[in-house]
Amino acid sequence: MGLIVDVFAARSDNFGYLVHDEASGRTAAVDAPEAAAIRNALLQRGWTLTDIFITHHHIDHVEAIAELKAEYGARVTGPRAEADKIDGLDDLVGDGDTVELGESRFAVMATPGHTLGHVVFYDAAGGHLFSADALFSLGVGRMFEGTPGPMWAGLKRLRDLPDETLVYCGHEYTQSNARFALSIDPDNPALRARAAEVDALRAAGRPTIPFTLGEDKRANPFLRADAPELARVYGLEGADPSAVFAAIRKGKDNF
Ligand SMILES: [Zn+2]
């Protein structure tokens with residue numbers, strides 16, 4: 001008995017996720033991007049929605065909360081730090097808390113930066129990380145609310161998770177992330193291999209999600225802000241890695 005993850009497209013470039021605890025039959029949506037897409041995924045699987053786990057307050061992650069709650073009576077868990085920005089939260093959580101779904105357990109980890117209260121959900125037993133807009137394949141979310149230091153610190157904690165962790169992020173941004181990453185780290189063999197794989201997947205109309213964290217640790221420049229070769233790109237040799245991280249983030253914003 002374990003956890004089954006269902007991945008589907010929602011809105012224009014969001015991913016929707018259902019997580020199903022086999023032992024109890026409980027099913028959670030990770031974020032609520034679009035009611036119709038989530039309803040359709042539930043019907044295809046024959047599951048009933050019991051829970052919704054929210055990562056942050058952006059509209060493309062919360063818009064379907066009210067509709068799904070009315071339809072299924074699902075219980076909604078979300079970040080305490082953004083409770084004033086999200087309607088319909090029943091349970092408030094923060095860094096270090098554990099969320100239960102039947103026999104499955106999700107550790108809540110704070111990942112500030114994209115939004116200040118952004119959290120991710122990590123299933124250690126199954127090796128699944130639901131990273132929403134904190135960590136993408138070959139990229140990270142745009143820094144809308146935070147500052148580079150805490151954002152880098154949060155990402156470093158994600159980087160400490162096991163290499164075999166499967167990461168499920170909020171958007172299909174991988175191909176454009178790869179283009180930027182190659183512009184600053186062109187000789188990185190792990191990055192070149194992943195970029196080629198991504199091009200093949202996208203050409204075949206397939207998603208690039210989930211991805212393995214170990215591969216991303218070697219290929220994602222944002223997870224390599226403490227690598228000397230990336231400091232060198234920005235003339236920041238010897239600087240604090242958070243300064244290099246800030247430079248990479250700014251470089252991507254202007255790419
Ligand atoms: Zn967002």
# chains A, B, ... in the order shown; residues from 1 in each chain; ligands from 1

call {"tool": "residues_near_ligand", "arguments": {"ligand": "ligand 1", "cutoff": "10 Å", "atoms": "only C-alpha atoms and all ligand atoms", "output": "MDAnalysis selection string"}}
result
chainID A and resid 14 55:62 114:115 118 132:134 141:144 170:171

call {"tool": "residues_around", "arguments": {"residues": "Trp47 in chain A", "least_positions_apart": "6", "cutoff": "9 Å", "atoms": "only C-alpha atoms", "output": "number ranges by chain"}}
result
A: 20, 25-27, 41

call {"tool": "write_last_selection", "arguments": {"atoms": "all heavy atoms", "output": "PDB file, in the first residue's frame"}}
result
ATOM      1  N   HIS A  20      -3.269   9.828  -4.081  1.00  0.00           N
ATOM      2  CA  HIS A  20      -4.263   8.871  -3.597  1.00  0.00           C
ATOM      3  C   HIS A  20      -3.606   7.895  -2.631  1.00  0.00           C
ATOM      4  O   HIS A  20      -2.674   7.180  -3.014  1.00  0.00           O
ATOM      5  CB  HIS A  20      -4.858   8.123  -4.800  1.00  0.00           C
ATOM      6  CG  HIS A  20      -5.869   7.083  -4.451  1.00  0.00           C
ATOM      7  ND1 HIS A  20      -7.168   7.398  -4.096  1.00  0.00           N
ATOM      8  CD2 HIS A  20      -5.778   5.733  -4.413  1.00  0.00           C
ATOM      9  CE1 HIS A  20      -7.831   6.276  -3.852  1.00  0.00           C
ATOM     10  NE2 HIS A  20      -7.012   5.246  -4.035  1.00  0.00           N
ATOM     11  N   GLY A  25      -7.997   5.112   0.803  1.00  0.00           N
ATOM     12  CA  GLY A  25      -8.819   5.593  -0.293  1.00  0.00           C
ATOM     13  C   GLY A  25      -8.945   7.105  -0.340  1.00  0.00           C
ATOM     14  O   GLY A  25      -9.656   7.649  -1.191  1.00  0.00           O
ATOM     15  N   ARG A  26      -8.263   7.807   0.557  1.00  0.00           N
ATOM     16  CA  ARG A  26      -8.347   9.270   0.553  1.00  0.00           C
ATOM     17  C   ARG A  26      -7.554   9.829  -0.633  1.00  0.00           C
ATOM     18  O   ARG A  26      -6.513   9.284  -1.018  1.00  0.00           O
ATOM     19  CB  ARG A  26      -7.801   9.864   1.854  1.00  0.00           C
ATOM     20  CG  ARG A  26      -8.621   9.499   3.078  1.00  0.00           C
ATOM     21  CD  ARG A  26      -8.041  10.154   4.324  1.00  0.00           C
ATOM     22  NE  ARG A  26      -8.257  11.590   4.331  1.00  0.00           N
ATOM     23  CZ  ARG A  26      -9.260  12.188   4.984  1.00  0.00           C
ATOM     24  NH1 ARG A  26     -10.130  11.458   5.663  1.00  0.00           N
ATOM     25  NH2 ARG A  26      -9.391  13.498   4.949  1.00  0.00           N
ATOM     26  N   THR A  27      -8.062  10.924  -1.180  1.00  0.00           N
ATOM     27  CA  THR A  27      -7.426  11.545  -2.345  1.00  0.00           C
ATOM     28  C   THR A  27      -7.351  13.054  -2.131  1.00  0.00           C
ATOM     29  O   THR A  27      -8.354  13.683  -1.795  1.00  0.00           O
ATOM     30  CB  THR A  27      -8.236  11.269  -3.630  1.00  0.00           C
ATOM     31  OG1 THR A  27      -8.358   9.852  -3.803  1.00  0.00           O
ATOM     32  CG2 THR A  27      -7.571  11.882  -4.846  1.00  0.00           C
ATOM     33  N   ALA A  41      -9.972  14.279 -13.863  1.00  0.00           N
ATOM     34  CA  ALA A  41      -8.942  13.333 -13.399  1.00  0.00           C
ATOM     35  C   ALA A  41      -9.527  12.396 -12.343  1.00  0.00           C
ATOM     36  O   ALA A  41      -9.232  11.186 -12.337  1.00  0.00           O
ATOM     37  CB  ALA A  41      -7.750  14.102 -12.838  1.00  0.00           C
TER      38      ALA A  41
END

call {"tool": "select_by_dssp", "arguments": {"residues": "range 157-250 of chain A", "states": "strand (DSSP E)", "output": "PyMOL selection string"}}
result
chain A and resi 166-169+211-212

call {"tool": "closest_residue", "arguments": {"among": "A:Asn220, A:Asn40, A:Thr165, A:Gln175", "to": "Pro207 in chain A", "atoms": "only C-alpha atoms"}}
result
A:Gln175

call {"tool": "atom_distance", "arguments": {"atom1": "CA of Asp31 in chain A", "atom2": "CA of Gly2 in chain A"}}
result
20.7 Å

call {"tool": "closest_residue", "arguments": {"among": "A:Val233, A:Val76, A:Ala107, A:Ala125", "to": "Met1 in chain A", "atoms": "only C-alpha atoms"}}
result
A:Ala125

call {"tool": "atom_distance", "arguments": {"atom1": "CA of Val167 in chain A", "atom2": "CA of Ala28 in chain A"}}
result
16.7 Å

call {"tool": "closest_residue", "arguments": {"among": "A:Ala64, A:Ala195, A:Leu129, A:Ile4", "to": "Ser24 in chain A", "atoms": "only C-alpha atoms"}}
result
A:Ile4

call {"tool": "atom_distance", "arguments": {"atom1": "CA of Asp6 in chain A", "atom2": "CA of Ile52 in chain A"}}
result
14.0 Å

call {"tool": "select_by_dssp", "arguments": {"residues": "range 192-254 of chain A", "states": "alpha helix (DSSP H)", "output": "tab-separated table (two decimals) with all heavy atoms, in the first residue's frame"}}
result
chain	number	residue	atom	x	y	z
A	192	ARG	N	23.27	19.52	-20.33
A	192	ARG	CA	23.12	19.26	-21.77
A	192	ARG	C	22.30	18.00	-22.01
A	192	ARG	O	21.45	17.95	-22.91
A	192	ARG	CB	24.50	19.13	-22.41
A	192	ARG	CG	25.25	20.46	-22.42
A	192	ARG	CD	26.72	20.26	-22.74
A	192	ARG	NE	26.90	19.82	-24.11
A	192	ARG	CZ	27.40	20.60	-25.07
A	192	ARG	NH1	27.75	21.84	-24.80
A	192	ARG	NH2	27.54	20.14	-26.29
A	193	ALA	N	22.52	16.99	-21.17
A	193	ALA	CA	21.76	15.74	-21.33
A	193	ALA	C	20.28	15.96	-21.03
A	193	ALA	O	19.40	15.49	-21.75
A	193	ALA	CB	22.34	14.67	-20.39
A	194	ARG	N	20.01	16.70	-19.96
A	194	ARG	CA	18.62	16.95	-19.60
A	194	ARG	C	17.93	17.81	-20.66
A	194	ARG	O	16.78	17.57	-21.02
A	194	ARG	CB	18.56	17.64	-18.22
A	194	ARG	CG	17.18	18.11	-17.78
A	194	ARG	CD	16.17	16.98	-17.64
A	194	ARG	NE	14.91	17.47	-17.04
A	194	ARG	CZ	13.74	16.86	-17.17
A	194	ARG	NH1	13.64	15.72	-17.82
A	194	ARG	NH2	12.66	17.37	-16.60
A	195	ALA	N	18.63	18.82	-21.18
A	195	ALA	CA	18.04	19.70	-22.20
A	195	ALA	C	17.67	18.88	-23.45
A	195	ALA	O	16.60	19.09	-24.04
A	195	ALA	CB	19.01	20.82	-22.56
A	196	ALA	N	18.53	17.95	-23.83
A	196	ALA	CA	18.24	17.11	-25.00
A	196	ALA	C	17.03	16.22	-24.73
A	196	ALA	O	16.15	16.04	-25.59
A	196	ALA	CB	19.47	16.27	-25.35
A	197	GLU	N	16.97	15.67	-23.51
A	197	GLU	CA	15.84	14.83	-23.14
A	197	GLU	C	14.54	15.63	-23.17
A	197	GLU	O	13.50	15.16	-23.65
A	197	GLU	CB	16.09	14.26	-21.73
A	197	GLU	CG	14.96	13.42	-21.18
A	197	GLU	CD	15.19	13.06	-19.72
A	197	GLU	OE1	15.42	13.97	-18.88
A	197	GLU	OE2	15.12	11.87	-19.40
A	198	VAL	N	14.60	16.86	-22.66
A	198	VAL	CA	13.42	17.73	-22.60
A	198	VAL	C	12.94	18.07	-24.01
A	198	VAL	O	11.74	18.03	-24.30
A	198	VAL	CB	13.75	19.01	-21.79
A	198	VAL	CG1	12.71	20.10	-22.02
A	198	VAL	CG2	13.88	18.67	-20.32
A	199	ASP	N	13.87	18.38	-24.90
A	199	ASP	CA	13.48	18.67	-26.29
A	199	ASP	C	12.76	17.48	-26.91
A	199	ASP	O	11.77	17.65	-27.61
A	199	ASP	CB	14.72	19.04	-27.12
A	199	ASP	CG	15.24	20.44	-26.80
A	199	ASP	OD1	14.49	21.23	-26.18
A	199	ASP	OD2	16.39	20.73	-27.15
A	200	ALA	N	13.27	16.29	-26.64
A	200	ALA	CA	12.65	15.08	-27.21
A	200	ALA	C	11.25	14.85	-26.62
A	200	ALA	O	10.31	14.53	-27.34
A	200	ALA	CB	13.54	13.86	-26.96
A	201	LEU	N	11.12	15.04	-25.32
A	201	LEU	CA	9.82	14.87	-24.67
A	201	LEU	C	8.80	15.86	-25.22
A	201	LEU	O	7.66	15.50	-25.55
A	201	LEU	CB	9.94	15.07	-23.15
A	201	LEU	CG	10.59	13.93	-22.36
A	201	LEU	CD1	10.90	14.39	-20.93
A	201	LEU	CD2	9.67	12.70	-22.33
A	202	ARG	N	9.21	17.13	-25.33
A	202	ARG	CA	8.28	18.16	-25.79
A	202	ARG	C	7.92	17.95	-27.26
A	202	ARG	O	6.77	18.17	-27.66
A	202	ARG	CB	8.86	19.55	-25.57
A	202	ARG	CG	9.11	19.91	-24.10
A	202	ARG	CD	7.87	19.68	-23.23
A	202	ARG	NE	6.83	20.65	-23.51
A	202	ARG	CZ	5.53	20.43	-23.31
A	202	ARG	NH1	5.11	19.27	-22.87
A	202	ARG	NH2	4.65	21.37	-23.59
A	203	ALA	N	8.90	17.51	-28.06
A	203	ALA	CA	8.62	17.25	-29.48
A	203	ALA	C	7.59	16.13	-29.62
A	203	ALA	O	6.81	16.10	-30.57
A	203	ALA	CB	9.91	16.89	-30.21
A	213	LEU	N	15.22	14.64	-8.43
A	213	LEU	CA	15.92	15.74	-7.77
A	213	LEU	C	17.43	15.64	-7.98
A	213	LEU	O	18.10	16.65	-8.18
A	213	LEU	CB	15.57	15.73	-6.27
A	213	LEU	CG	16.11	16.90	-5.46
A	213	LEU	CD1	15.59	18.24	-5.99
A	213	LEU	CD2	15.72	16.73	-3.99
A	214	GLY	N	17.96	14.42	-7.98
A	214	GLY	CA	19.40	14.25	-8.13
A	214	GLY	C	19.91	14.82	-9.45
A	214	GLY	O	20.93	15.49	-9.51
A	215	GLU	N	19.14	14.56	-10.51
A	215	GLU	CA	19.49	15.08	-11.83
A	215	GLU	C	19.42	16.61	-11.82
A	215	GLU	O	20.29	17.30	-12.37
A	215	GLU	CB	18.48	14.49	-12.82
A	215	GLU	CG	18.43	15.08	-14.19
A	215	GLU	CD	17.19	14.53	-14.92
A	215	GLU	OE1	16.07	15.04	-14.70
A	215	GLU	OE2	17.37	13.59	-15.70
A	216	ASP	N	18.40	17.16	-11.15
A	216	ASP	CA	18.25	18.61	-11.12
A	216	ASP	C	19.35	19.27	-10.28
A	216	ASP	O	19.77	20.39	-10.57
A	216	ASP	CB	16.86	18.97	-10.57
A	216	ASP	CG	16.35	20.29	-11.15
A	216	ASP	OD1	16.30	20.41	-12.40
A	216	ASP	OD2	16.03	21.21	-10.37
A	217	LYS	N	19.81	18.58	-9.24
A	217	LYS	CA	20.91	19.14	-8.43
A	217	LYS	C	22.14	19.39	-9.31
A	217	LYS	O	22.89	20.33	-9.08
A	217	LYS	CB	21.30	18.16	-7.31
A	217	LYS	CG	20.28	18.00	-6.21
A	217	LYS	CD	20.76	16.96	-5.18
A	217	LYS	CE	19.63	16.54	-4.26
A	217	LYS	NZ	20.06	15.54	-3.26
A	218	ARG	N	22.35	18.54	-10.30
A	218	ARG	CA	23.53	18.66	-11.17
A	218	ARG	C	23.29	19.61	-12.34
A	218	ARG	O	24.23	20.18	-12.88
A	218	ARG	CB	23.93	17.28	-11.70
A	218	ARG	CG	24.40	16.32	-10.62
A	218	ARG	CD	24.98	15.04	-11.21
A	218	ARG	NE	23.98	14.24	-11.92
A	218	ARG	CZ	23.15	13.39	-11.32
A	218	ARG	NH1	23.21	13.21	-10.00
A	218	ARG	NH2	22.27	12.71	-12.01
A	219	ALA	N	22.00	19.77	-12.73
A	219	ALA	CA	21.73	20.50	-13.97
A	219	ALA	C	21.11	21.89	-13.76
A	219	ALA	O	21.26	22.76	-14.61
A	219	ALA	CB	20.80	19.66	-14.84
A	228	PRO	N	31.55	27.28	-8.08
A	228	PRO	CA	32.46	28.35	-8.51
A	228	PRO	C	32.24	28.77	-9.97
A	228	PRO	O	32.35	29.95	-10.30
A	228	PRO	CB	33.85	27.74	-8.32
A	228	PRO	CG	33.66	26.60	-7.38
A	228	PRO	CD	32.26	26.12	-7.52
A	229	GLU	N	31.92	27.80	-10.85
A	229	GLU	CA	31.80	28.16	-12.26
A	229	GLU	C	30.62	29.11	-12.50
A	229	GLU	O	30.65	29.92	-13.42
A	229	GLU	CB	31.70	26.92	-13.16
A	229	GLU	CG	30.65	25.92	-12.81
A	229	GLU	CD	31.13	24.83	-11.83
A	229	GLU	OE1	31.94	25.15	-10.94
A	229	GLU	OE2	30.67	23.69	-11.96
A	230	LEU	N	29.57	29.03	-11.67
A	230	LEU	CA	28.45	29.96	-11.85
A	230	LEU	C	28.77	31.32	-11.24
A	230	LEU	O	28.37	32.36	-11.78
A	230	LEU	CB	27.17	29.36	-11.27
A	230	LEU	CG	26.59	28.30	-12.22
A	230	LEU	CD1	25.51	27.46	-11.55
A	230	LEU	CD2	26.05	28.93	-13.48
A	231	ALA	N	29.51	31.34	-10.13
A	231	ALA	CA	29.96	32.63	-9.58
A	231	ALA	C	30.79	33.37	-10.63
A	231	ALA	O	30.68	34.59	-10.81
A	231	ALA	CB	30.78	32.41	-8.31
A	232	ARG	N	31.62	32.63	-11.34
A	232	ARG	CA	32.52	33.21	-12.34
A	232	ARG	C	31.74	33.88	-13.47
A	232	ARG	O	32.14	34.92	-14.00
A	232	ARG	CB	33.43	32.11	-12.90
A	232	ARG	CG	34.83	32.59	-13.25
A	232	ARG	CD	35.74	31.41	-13.60
A	232	ARG	NE	35.92	30.47	-12.50
A	232	ARG	CZ	35.75	29.14	-12.57
A	232	ARG	NH1	35.41	28.57	-13.71
A	232	ARG	NH2	35.93	28.37	-11.52
A	233	VAL	N	30.59	33.29	-13.85
A	233	VAL	CA	29.76	33.85	-14.94
A	233	VAL	C	29.41	35.30	-14.64
A	233	VAL	O	29.36	36.16	-15.53
A	233	VAL	CB	28.47	33.02	-15.12
A	233	VAL	CG1	27.49	33.72	-16.06
A	233	VAL	CG2	28.79	31.62	-15.63
A	241	PRO	N	26.93	32.70	-1.79
A	241	PRO	CA	26.11	32.05	-2.83
A	241	PRO	C	24.75	32.71	-3.04
A	241	PRO	O	24.21	32.68	-4.14
A	241	PRO	CB	25.94	30.62	-2.30
A	241	PRO	CG	27.14	30.40	-1.44
A	241	PRO	CD	27.46	31.73	-0.82
A	242	SER	N	24.21	33.35	-2.00
A	242	SER	CA	22.90	34.00	-2.19
A	242	SER	C	23.02	35.18	-3.15
A	242	SER	O	22.06	35.52	-3.85
A	242	SER	CB	22.31	34.45	-0.85
A	242	SER	OG	23.09	35.48	-0.28
A	243	ALA	N	24.21	35.80	-3.23
A	243	ALA	CA	24.42	36.88	-4.19
A	243	ALA	C	24.49	36.32	-5.61
A	243	ALA	O	23.98	36.92	-6.56
A	243	ALA	CB	25.71	37.64	-3.86
A	244	VAL	N	25.10	35.14	-5.74
A	244	VAL	CA	25.15	34.48	-7.05
A	244	VAL	C	23.73	34.05	-7.44
A	244	VAL	O	23.31	34.24	-8.59
A	244	VAL	CB	26.10	33.26	-7.01
A	244	VAL	CG1	26.12	32.56	-8.37
A	244	VAL	CG2	27.50	33.69	-6.59
A	245	PHE	N	23.02	33.51	-6.46
A	245	PHE	CA	21.62	33.12	-6.71
A	245	PHE	C	20.82	34.32	-7.22
A	245	PHE	O	20.06	34.23	-8.19
A	245	PHE	CB	20.99	32.55	-5.44
A	245	PHE	CG	19.55	32.18	-5.59
A	245	PHE	CD1	19.19	30.95	-6.11
A	245	PHE	CD2	18.55	33.07	-5.23
A	245	PHE	CE1	17.86	30.60	-6.28
A	245	PHE	CE2	17.22	32.73	-5.39
A	245	PHE	CZ	16.87	31.50	-5.91
A	246	ALA	N	20.98	35.47	-6.56
A	246	ALA	CA	20.26	36.69	-6.96
A	246	ALA	C	20.62	37.09	-8.39
A	246	ALA	O	19.75	37.49	-9.17
A	246	ALA	CB	20.59	37.82	-6.00
A	247	ALA	N	21.89	36.94	-8.73
A	247	ALA	CA	22.34	37.30	-10.09
A	247	ALA	C	21.74	36.36	-11.12
A	247	ALA	O	21.33	36.79	-12.21
A	247	ALA	CB	23.86	37.26	-10.15
A	248	ILE	N	21.66	35.07	-10.79
A	248	ILE	CA	21.07	34.11	-11.72
A	248	ILE	C	19.58	34.43	-11.90
A	248	ILE	O	19.05	34.45	-13.02
A	248	ILE	CB	21.25	32.66	-11.22
A	248	ILE	CG1	22.73	32.32	-11.06
A	248	ILE	CG2	20.60	31.68	-12.19
A	248	ILE	CD1	22.98	30.97	-10.38
A	249	ARG	N	18.91	34.71	-10.78
A	249	ARG	CA	17.47	35.02	-10.85
A	249	ARG	C	17.22	36.26	-11.71
A	249	ARG	O	16.31	36.30	-12.53
A	249	ARG	CB	16.94	35.20	-9.42
A	249	ARG	CG	15.45	35.40	-9.20
A	249	ARG	CD	14.59	34.29	-9.74
A	249	ARG	NE	14.18	34.59	-11.10
A	249	ARG	CZ	13.48	33.77	-11.87
A	249	ARG	NH1	13.11	32.58	-11.44
A	249	ARG	NH2	13.14	34.10	-13.08
A	250	LYS	N	18.06	37.29	-11.52
A	250	LYS	CA	17.92	38.51	-12.29
A	250	LYS	C	18.22	38.24	-13.77
A	250	LYS	O	17.54	38.75	-14.67
A	250	LYS	CB	18.88	39.57	-11.74
A	250	LYS	CG	18.58	40.97	-12.18
A	250	LYS	CD	19.38	41.98	-11.34
A	250	LYS	CE	19.27	43.35	-12.00
A	250	LYS	NZ	20.48	44.15	-11.78
A	251	GLY	N	19.23	37.40	-14.01
A	251	GLY	CA	19.58	37.06	-15.39
A	251	GLY	C	18.42	36.37	-16.09
A	251	GLY	O	18.12	36.66	-17.25
A	252	LYS	N	17.76	35.48	-15.38
A	252	LYS	CA	16.61	34.78	-15.98
A	252	LYS	C	15.45	35.75	-16.23
A	252	LYS	O	14.77	35.67	-17.26
A	252	LYS	CB	16.16	33.63	-15.05
A	252	LYS	CG	14.90	32.91	-15.49
A	252	LYS	CD	15.13	32.08	-16.75
A	252	LYS	CE	14.03	31.06	-17.01
A	252	LYS	NZ	12.77	31.66	-17.43
A	253	ASP	N	15.23	36.67	-15.28
A	253	ASP	CA	14.14	37.65	-15.46
A	253	ASP	C	14.33	38.45	-16.74
A	253	ASP	O	13.36	38.84	-17.38
A	253	ASP	CB	14.10	38.62	-14.28
A	253	ASP	CG	13.63	37.97	-12.98
A	253	ASP	OD1	13.08	36.84	-13.06
A	253	ASP	OD2	13.80	38.56	-11.92

call {"tool": "closest_atom_pairs", "arguments": {"of": "range 48-135 of chain A", "to": "range 156-164 of chain A", "cutoff": "9 Å", "atoms": "only C-alpha atoms", "output": "CSV"}}
result
residue,atom,partner,partner_atom,distance
A:Met109,CA,A:Leu158,CA,8.5
A:Thr111,CA,A:Leu158,CA,8.6
A:Ala124,CA,A:Leu161,CA,8.8
A:Gly127,CA,A:Glu164,CA,7.0
A:Leu129,CA,A:Leu158,CA,8.9
A:Leu135,CA,A:Leu158,CA,8.6

call {"tool": "write_last_selection", "arguments": {"atoms": "all heavy atoms", "output": "PDB file, in the first residue's frame"}}
result
ATOM      1  N   MET A 109       7.316  22.043   4.157  1.00  0.00           N
ATOM      2  CA  MET A 109       8.590  22.777   4.190  1.00  0.00           C
ATOM      3  C   MET A 109       8.365  24.182   3.637  1.00  0.00           C
ATOM      4  O   MET A 109       7.748  24.337   2.574  1.00  0.00           O
ATOM      5  CB  MET A 109       9.650  22.045   3.351  1.00  0.00           C
ATOM      6  CG  MET A 109       9.963  20.637   3.871  1.00  0.00           C
ATOM      7  SD  MET A 109      11.067  19.714   2.758  1.00  0.00           S
ATOM      8  CE  MET A 109      12.623  20.569   3.020  1.00  0.00           C
ATOM      9  N   THR A 111       9.250  27.431   1.694  1.00  0.00           N
ATOM     10  CA  THR A 111      10.122  27.787   0.563  1.00  0.00           C
ATOM     11  C   THR A 111       9.788  29.220   0.148  1.00  0.00           C
ATOM     12  O   THR A 111       9.149  29.445  -0.882  1.00  0.00           O
ATOM     13  CB  THR A 111       9.904  26.822  -0.617  1.00  0.00           C
ATOM     14  OG1 THR A 111       8.482  26.676  -0.838  1.00  0.00           O
ATOM     15  CG2 THR A 111      10.504  25.463  -0.344  1.00  0.00           C
ATOM     16  N   ALA A 124       8.133  11.603   2.335  1.00  0.00           N
ATOM     17  CA  ALA A 124       9.451  10.958   2.478  1.00  0.00           C
ATOM     18  C   ALA A 124       9.377   9.464   2.177  1.00  0.00           C
ATOM     19  O   ALA A 124      10.275   8.903   1.540  1.00  0.00           O
ATOM     20  CB  ALA A 124       9.995  11.190   3.886  1.00  0.00           C
ATOM     21  N   GLY A 127       8.973   9.161  -1.542  1.00  0.00           N
ATOM     22  CA  GLY A 127       9.958   9.916  -2.309  1.00  0.00           C
ATOM     23  C   GLY A 127       9.335  10.862  -3.322  1.00  0.00           C
ATOM     24  O   GLY A 127       9.824  10.987  -4.441  1.00  0.00           O
ATOM     25  N   LEU A 129       8.050  14.854  -4.000  1.00  0.00           N
ATOM     26  CA  LEU A 129       8.078  16.254  -3.554  1.00  0.00           C
ATOM     27  C   LEU A 129       7.172  17.083  -4.462  1.00  0.00           C
ATOM     28  O   LEU A 129       7.391  17.122  -5.685  1.00  0.00           O
ATOM     29  CB  LEU A 129       9.513  16.808  -3.621  1.00  0.00           C
ATOM     30  CG  LEU A 129       9.679  18.302  -3.359  1.00  0.00           C
ATOM     31  CD1 LEU A 129       9.309  18.661  -1.916  1.00  0.00           C
ATOM     32  CD2 LEU A 129      11.100  18.758  -3.682  1.00  0.00           C
ATOM     33  N   LEU A 135      10.301  25.250  -6.939  1.00  0.00           N
ATOM     34  CA  LEU A 135      11.361  24.589  -7.711  1.00  0.00           C
ATOM     35  C   LEU A 135      10.769  23.970  -8.964  1.00  0.00           C
ATOM     36  O   LEU A 135       9.859  23.148  -8.888  1.00  0.00           O
ATOM     37  CB  LEU A 135      12.022  23.490  -6.864  1.00  0.00           C
ATOM     38  CG  LEU A 135      13.055  22.608  -7.581  1.00  0.00           C
ATOM     39  CD1 LEU A 135      14.284  23.416  -7.987  1.00  0.00           C
ATOM     40  CD2 LEU A 135      13.477  21.432  -6.687  1.00  0.00           C
TER      41      LEU A 135
END
